[in-house]
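Participant: Input upload-v3.pdb, format and content: PDB, C-alpha atoms.
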ATOM      1  CA  MET A  24    -234.914-184.355 198.089
ATOM      2  CA  SER A  25    -236.813-181.264 199.269
ATOM      3  CA  LEU A  26    -235.134-178.097 200.488
ATOM      4  CA  TYR A  27    -236.723-178.788 203.882
ATOM      5  CA  GLN A  28    -235.079-182.175 204.146
ATOM      6  CA  GLN A  29    -231.766-180.736 202.915
ATOM      7  CA  TRP A  30    -231.979-178.143 205.694
ATOM      8  CA  LEU A  31    -232.698-180.839 208.302
ATOM      9  CA  ASP A  32    -229.800-182.951 207.028
ATOM     10  CA  ALA A  33    -227.438-179.952 207.060
ATOM     11  CA  LYS A  34    -228.448-179.061 210.652
ATOM     12  CA  GLN A  35    -227.801-182.641 211.733
ATOM     13  CA  MET A  36    -224.359-182.669 210.069
ATOM     14  CA  GLU A  37    -223.588-179.282 211.615
ATOM     15  CA  ALA A  38    -224.524-180.478 215.110
ATOM     16  CA  HIS A  39    -222.394-183.592 214.666
ATOM     17  CA  ALA A  40    -219.436-181.527 213.422
ATOM     18  CA  VAL A  41    -219.706-179.139 216.393
ATOM     19  CA  GLN A  42    -219.880-182.053 218.832
ATOM     20  CA  THR A  43    -216.849-183.729 217.237
ATOM     21  CA  ARG A  44    -214.825-180.482 217.231
ATOM     22  CA  ARG A  45    -215.637-179.858 220.891
ATOM     23  CA  GLU A  46    -214.584-183.379 221.835
ATOM     24  CA  VAL A  47    -211.232-182.857 220.092
ATOM     25  CA  GLU A  48    -210.822-179.479 221.818
ATOM     26  CA  ASP A  49    -211.489-181.121 225.204
ATOM     27  CA  LYS A  50    -208.782-183.691 224.447
ATOM     28  CA  LEU A  51    -206.345-180.917 223.466
ATOM     29  CA  VAL A  52    -207.063-179.080 226.720
ATOM     30  CA  LYS A  53    -206.238-182.236 228.691
ATOM     31  CA  PHE A  54    -203.215-183.072 226.538
ATOM     32  CA  PHE A  55    -201.637-179.647 226.998
ATOM     33  CA  GLY A  56    -202.697-179.322 230.644
ATOM     34  CA  ILE A  57    -204.630-176.117 230.085
ATOM     35  CA  PRO A  58    -206.200-174.924 233.343
ATOM     36  CA  GLU A  59    -209.987-174.581 233.372
ATOM     37  CA  ASP A  60    -209.666-171.001 234.604
ATOM     38  CA  LEU A  61    -207.356-169.807 231.802
ATOM     39  CA  ASP A  62    -208.107-166.133 231.269
ATOM     40  CA  GLY A  63    -205.951-165.107 228.345
ATOM     41  CA  THR A  64    -204.027-166.717 225.516
ATOM     42  CA  LYS A  65    -201.740-169.730 225.484
ATOM     43  CA  ASN A  66    -199.642-170.282 222.345
ATOM     44  CA  ILE A  67    -198.181-173.707 221.678
ATOM     45  CA  ASP A  68    -195.853-175.001 218.941
ATOM     46  CA  ALA A  69    -196.581-178.675 218.354
ATOM     47  CA  ASP A  70    -195.085-180.607 215.462
ATOM     48  CA  ALA A  71    -195.912-178.622 212.307
ATOM     49  CA  PHE A  72    -198.737-176.712 214.004
ATOM     50  CA  LYS A  73    -199.117-173.459 215.866
ATOM     51  CA  ILE A  74    -201.936-173.692 218.365
ATOM     52  CA  LYS A  75    -203.541-170.676 219.980
ATOM     53  CA  ILE A  76    -205.871-171.396 222.882
ATOM     54  CA  GLU A  77    -207.909-168.509 224.227
ATOM     55  CA  GLY A  78    -209.498-168.903 227.628
ATOM     56  CA  ARG A  79    -212.275-166.667 228.818
ATOM     57  CA  ILE A  80    -213.970-166.150 232.109
ATOM     58  CA  ASN A  81    -217.573-165.066 231.667
ATOM     59  CA  ARG A  82    -218.502-162.313 234.062
ATOM     60  CA  LYS A  83    -221.962-160.942 234.678
ATOM     61  CA  VAL A  84    -222.602-157.826 236.681
ATOM     62  CA  ASN A  85    -225.624-157.204 238.853
ATOM     63  CA  ALA A  86    -225.919-153.468 238.108
ATOM     64  CA  ASP A  87    -228.221-152.711 241.025
ATOM     65  CA  ARG A  88    -225.991-154.500 243.557
ATOM     66  CA  LEU A  89    -222.889-152.895 242.054
ATOM     67  CA  GLN A  90    -224.334-149.411 242.476
ATOM     68  CA  GLU A  91    -225.388-150.222 246.039
ATOM     69  CA  LEU A  92    -221.892-151.419 246.949
ATOM     70  CA  ALA A  93    -220.209-148.472 245.253
ATOM     71  CA  ALA A  94    -222.424-145.993 247.139
ATOM     72  CA  GLU A  95    -221.866-147.847 250.412
ATOM     73  CA  HIS A  96    -218.087-147.668 250.008
ATOM     74  CA  GLY A  97    -217.864-144.203 248.426
ATOM     75  CA  LEU A  98    -216.694-145.564 245.072
ATOM     76  CA  THR A  99    -219.448-144.318 242.760
ATOM     77  CA  GLU A 100    -217.089-142.066 240.767
ATOM     78  CA  HIS A 101    -215.043-145.125 239.720
ATOM     79  CA  LEU A 102    -217.914-147.004 238.109
ATOM     80  CA  SER A 103    -217.740-145.226 234.749
ATOM     81  CA  SER A 104    -214.056-146.095 234.330
ATOM     82  CA  LEU A 105    -214.337-149.702 235.540
ATOM     83  CA  PHE A 106    -217.595-150.690 233.856
ATOM     84  CA  ARG A 107    -219.359-150.146 230.532
ATOM     85  CA  TRP A 108    -223.002-149.301 230.886
ATOM     86  CA  LYS A 109    -224.975-150.904 228.109
ATOM     87  CA  PRO A 110    -228.585-149.842 227.847
ATOM     88  CA  GLU A 111    -230.776-152.414 226.135
ATOM     89  CA  ILE A 112    -234.178-151.734 224.701
ATOM     90  CA  SER A 113    -237.201-153.469 226.172
ATOM     91  CA  MET A 114    -239.312-153.911 223.055
ATOM     92  CA  THR A 115    -242.430-154.811 225.032
ATOM     93  CA  ALA A 116    -242.264-151.579 227.017
ATOM     94  CA  TRP A 117    -241.158-149.588 223.954
ATOM     95  CA  LYS A 118    -244.114-150.747 221.861
ATOM     96  CA  ALA A 119    -246.516-150.034 224.742
ATOM     97  CA  ALA A 120    -245.147-146.545 225.439
ATOM     98  CA  ASN A 121    -246.667-143.328 224.152
ATOM     99  CA  LYS A 122    -245.160-142.120 220.848
ATOM    100  CA  ALA A 123    -244.527-138.738 222.500
ATOM    101  CA  ILE A 124    -241.982-140.550 224.679
ATOM    102  CA  THR A 125    -240.379-142.887 222.134
ATOM    103  CA  THR A 126    -240.198-140.645 219.042
ATOM    104  CA  PRO A 127    -237.621-138.188 220.472
ATOM    105  CA  LEU A 128    -235.412-141.158 221.428
ATOM    106  CA  LEU A 129    -235.376-142.797 217.984
ATOM    107  CA  ASP A 130    -232.102-141.135 216.944
ATOM    108  CA  ALA A 131    -230.302-143.028 219.709
ATOM    109  CA  ILE A 132    -231.361-146.411 218.351
ATOM    110  CA  THR A 133    -229.903-148.224 215.364
ATOM    111  CA  ALA A 134    -231.964-151.077 214.006
ATOM    112  CA  THR A 135    -230.552-153.504 211.454
ATOM    113  CA  PRO A 136    -232.146-156.701 210.215
ATOM    114  CA  GLY A 137    -230.660-159.917 211.530
ATOM    115  CA  ARG A 138    -230.341-163.299 209.898
ATOM    116  CA  PRO A 139    -233.602-165.196 210.149
ATOM    117  CA  SER A 140    -233.575-168.328 212.246
ATOM    118  CA  PHE A 141    -235.374-171.492 211.258
ATOM    119  CA  THR A 142    -236.828-174.444 213.072
ATOM    120  CA  ILE A 143    -237.921-177.276 210.852
ATOM    121  CA  THR A 144    -239.124-180.596 212.158
ATOM    122  CA  ALA A 145    -240.264-183.647 210.277
ATOM    123  CA  LYS A 146    -243.918-184.468 210.675
ATOM    124  CA  GLU A 147    -244.764-187.737 212.363
ATOM    125  CA  ASN A 148    -246.636-190.118 210.067
TER
END
The structure in this file should be written as structure tokens.

Facilitator:
Amino acid sequence: MSLYQQWLDAKQMEAHAVQTRREVEDKLVKFFGIPEDLDGTKNIDADAFKIKIEGRINRKVNADRLQELAAEHGLTEHLSSLFRWKPEISMTAWKAANKAITTPLLDAITATPGRPSFTITAKEN
């Protein structure tokens, strides 16, 4: 069996395992009556098991709207304590910019290689 086919088989098993685990987790949520909007940790002792369920609420901030509202209500000075400001690099703009602009900023950027991602599909015969 080729490495390519082994990779495809492993991805299929992985997807099946994730789906099965999520189905069991959904059943546990129903069984223990965990609210959908749990924002924190719920610890449960059940039989010979300790179960820790962590609920999260995903929050996204519209930075422009936030700054508008803060200015409108005189709350601008509170933003730095209530929110983290996370600049993200726009690689398209960065690559297109003049080196005289980007070179002085290089010390503020840490670049580390990530794990490569793969997509392998079987060819149709």

Participant: Would you mind telling me which residue in A:Ile124, A:Leu102, A:Ser140, A:Glu77 lies nearest to Leu89 (chain A) when using only C-alpha atoms?

Facilitator: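 For Leu89 (chain A), the nearest of the candidates is A:Leu102.
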
Participant: Considering all atoms listed in the file, return as a list in words whatever protein or nucleic-acid residues lie within 12 Å of region 116-118 of chain A, sequence-local ones (same chain, fewer than 5 positions apart) excluded.

Facilitator: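 The filter keeps Glu111, Ala123, Ile124, Thr125, Thr126, Leu128, Leu129 and Ile132 of chain A.
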
Participant: Generate a file of the selected residues that holds C-alpha atoms, formatted as a CSV table (one decimal), in the coordinates of the input.

Facilitator:
chain,number,residue,atom,x,y,z
A,111,GLU,CA,-230.8,-152.4,226.1
A,123,ALA,CA,-244.5,-138.7,222.5
A,124,ILE,CA,-242.0,-140.6,224.7
A,125,THR,CA,-240.4,-142.9,222.1
A,126,THR,CA,-240.2,-140.6,219.0
A,128,LEU,CA,-235.4,-141.2,221.4
A,129,LEU,CA,-235.4,-142.8,218.0
A,132,ILE,CA,-231.4,-146.4,218.4

Participant: Kindly give the distance, in Å, that separates CA of Ala40 (chain A) and CA of Phe141 (chain A), rounded to a single decimal.

Facilitator: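 For CA of Ala40 (chain A) relative to CA of Phe141 (chain A), the distance reads 19.0 Å.
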
Participant: What is the CA of Leu105 (chain A) to CA of Thr135 (chain A) distance in Å?

Facilitator: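 Calculated distance between CA of Leu105 (chain A) and CA of Thr135 (chain A) is 29.3 Å.
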
Participant: Just to confirm, what's the straight-line distance from CA of Ser113 (chain A) to CA of Pro136 (chain A) in Å (one decimal)?

Facilitator: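 For CA of Ser113 (chain A) relative to CA of Pro136 (chain A), the distance reads 17.0 Å.
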
Participant: Hey, which of A:Gly137, A:Trp30, A:Glu46, A:Gly78 ends up closest to Lys65 (chain A)? Count all atoms listed in the file.

Facilitator: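 Going through A:Gly137, A:Trp30, A:Glu46, A:Gly78 one by one, the smallest distance to Lys65 (chain A) is for A:Gly78.
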
Participant: Tell me which of A:Ile80, A:Ala145, A:Ala134, A:Val41 sits closest to Pro58 (chain A), counting all atoms listed in the file.

Facilitator: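 Of all the options, A:Ile80 lies closest to Pro58 (chain A).
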
Participant: Can you find the residues with an atom no farther than 12 Å from (-235.2, -179.9, 204.7), counting only C-alpha atoms, and report them as a PyMOL selection string?

Facilitator: chain A and resi 24-35+141-146

Participant: Please write as a CSV table (one decimal) with C-alpha atoms, in the frame of the given file the full residue list that the PyMOL selection byres ((chain A and resi 55-57) around 12) yields on this file.

Facilitator:
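The resulting out_11.csv:
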chain,number,residue,atom,x,y,z
A,48,GLU,CA,-210.8,-179.5,221.8
A,49,ASP,CA,-211.5,-181.1,225.2
A,50,LYS,CA,-208.8,-183.7,224.4
A,51,LEU,CA,-206.3,-180.9,223.5
A,52,VAL,CA,-207.1,-179.1,226.7
A,53,LYS,CA,-206.2,-182.2,228.7
A,54,PHE,CA,-203.2,-183.1,226.5
A,58,PRO,CA,-206.2,-174.9,233.3
A,59,GLU,CA,-210.0,-174.6,233.4
A,60,ASP,CA,-209.7,-171.0,234.6
A,61,LEU,CA,-207.4,-169.8,231.8
A,62,ASP,CA,-208.1,-166.1,231.3
A,63,GLY,CA,-206.0,-165.1,228.3
A,64,THR,CA,-204.0,-166.7,225.5
A,65,LYS,CA,-201.7,-169.7,225.5
A,66,ASN,CA,-199.6,-170.3,222.3
A,67,ILE,CA,-198.2,-173.7,221.7
A,68,ASP,CA,-195.9,-175.0,218.9
A,69,ALA,CA,-196.6,-178.7,218.4
A,74,ILE,CA,-201.9,-173.7,218.4
A,75,LYS,CA,-203.5,-170.7,220.0
A,76,ILE,CA,-205.9,-171.4,222.9
A,77,GLU,CA,-207.9,-168.5,224.2
A,78,GLY,CA,-209.5,-168.9,227.6
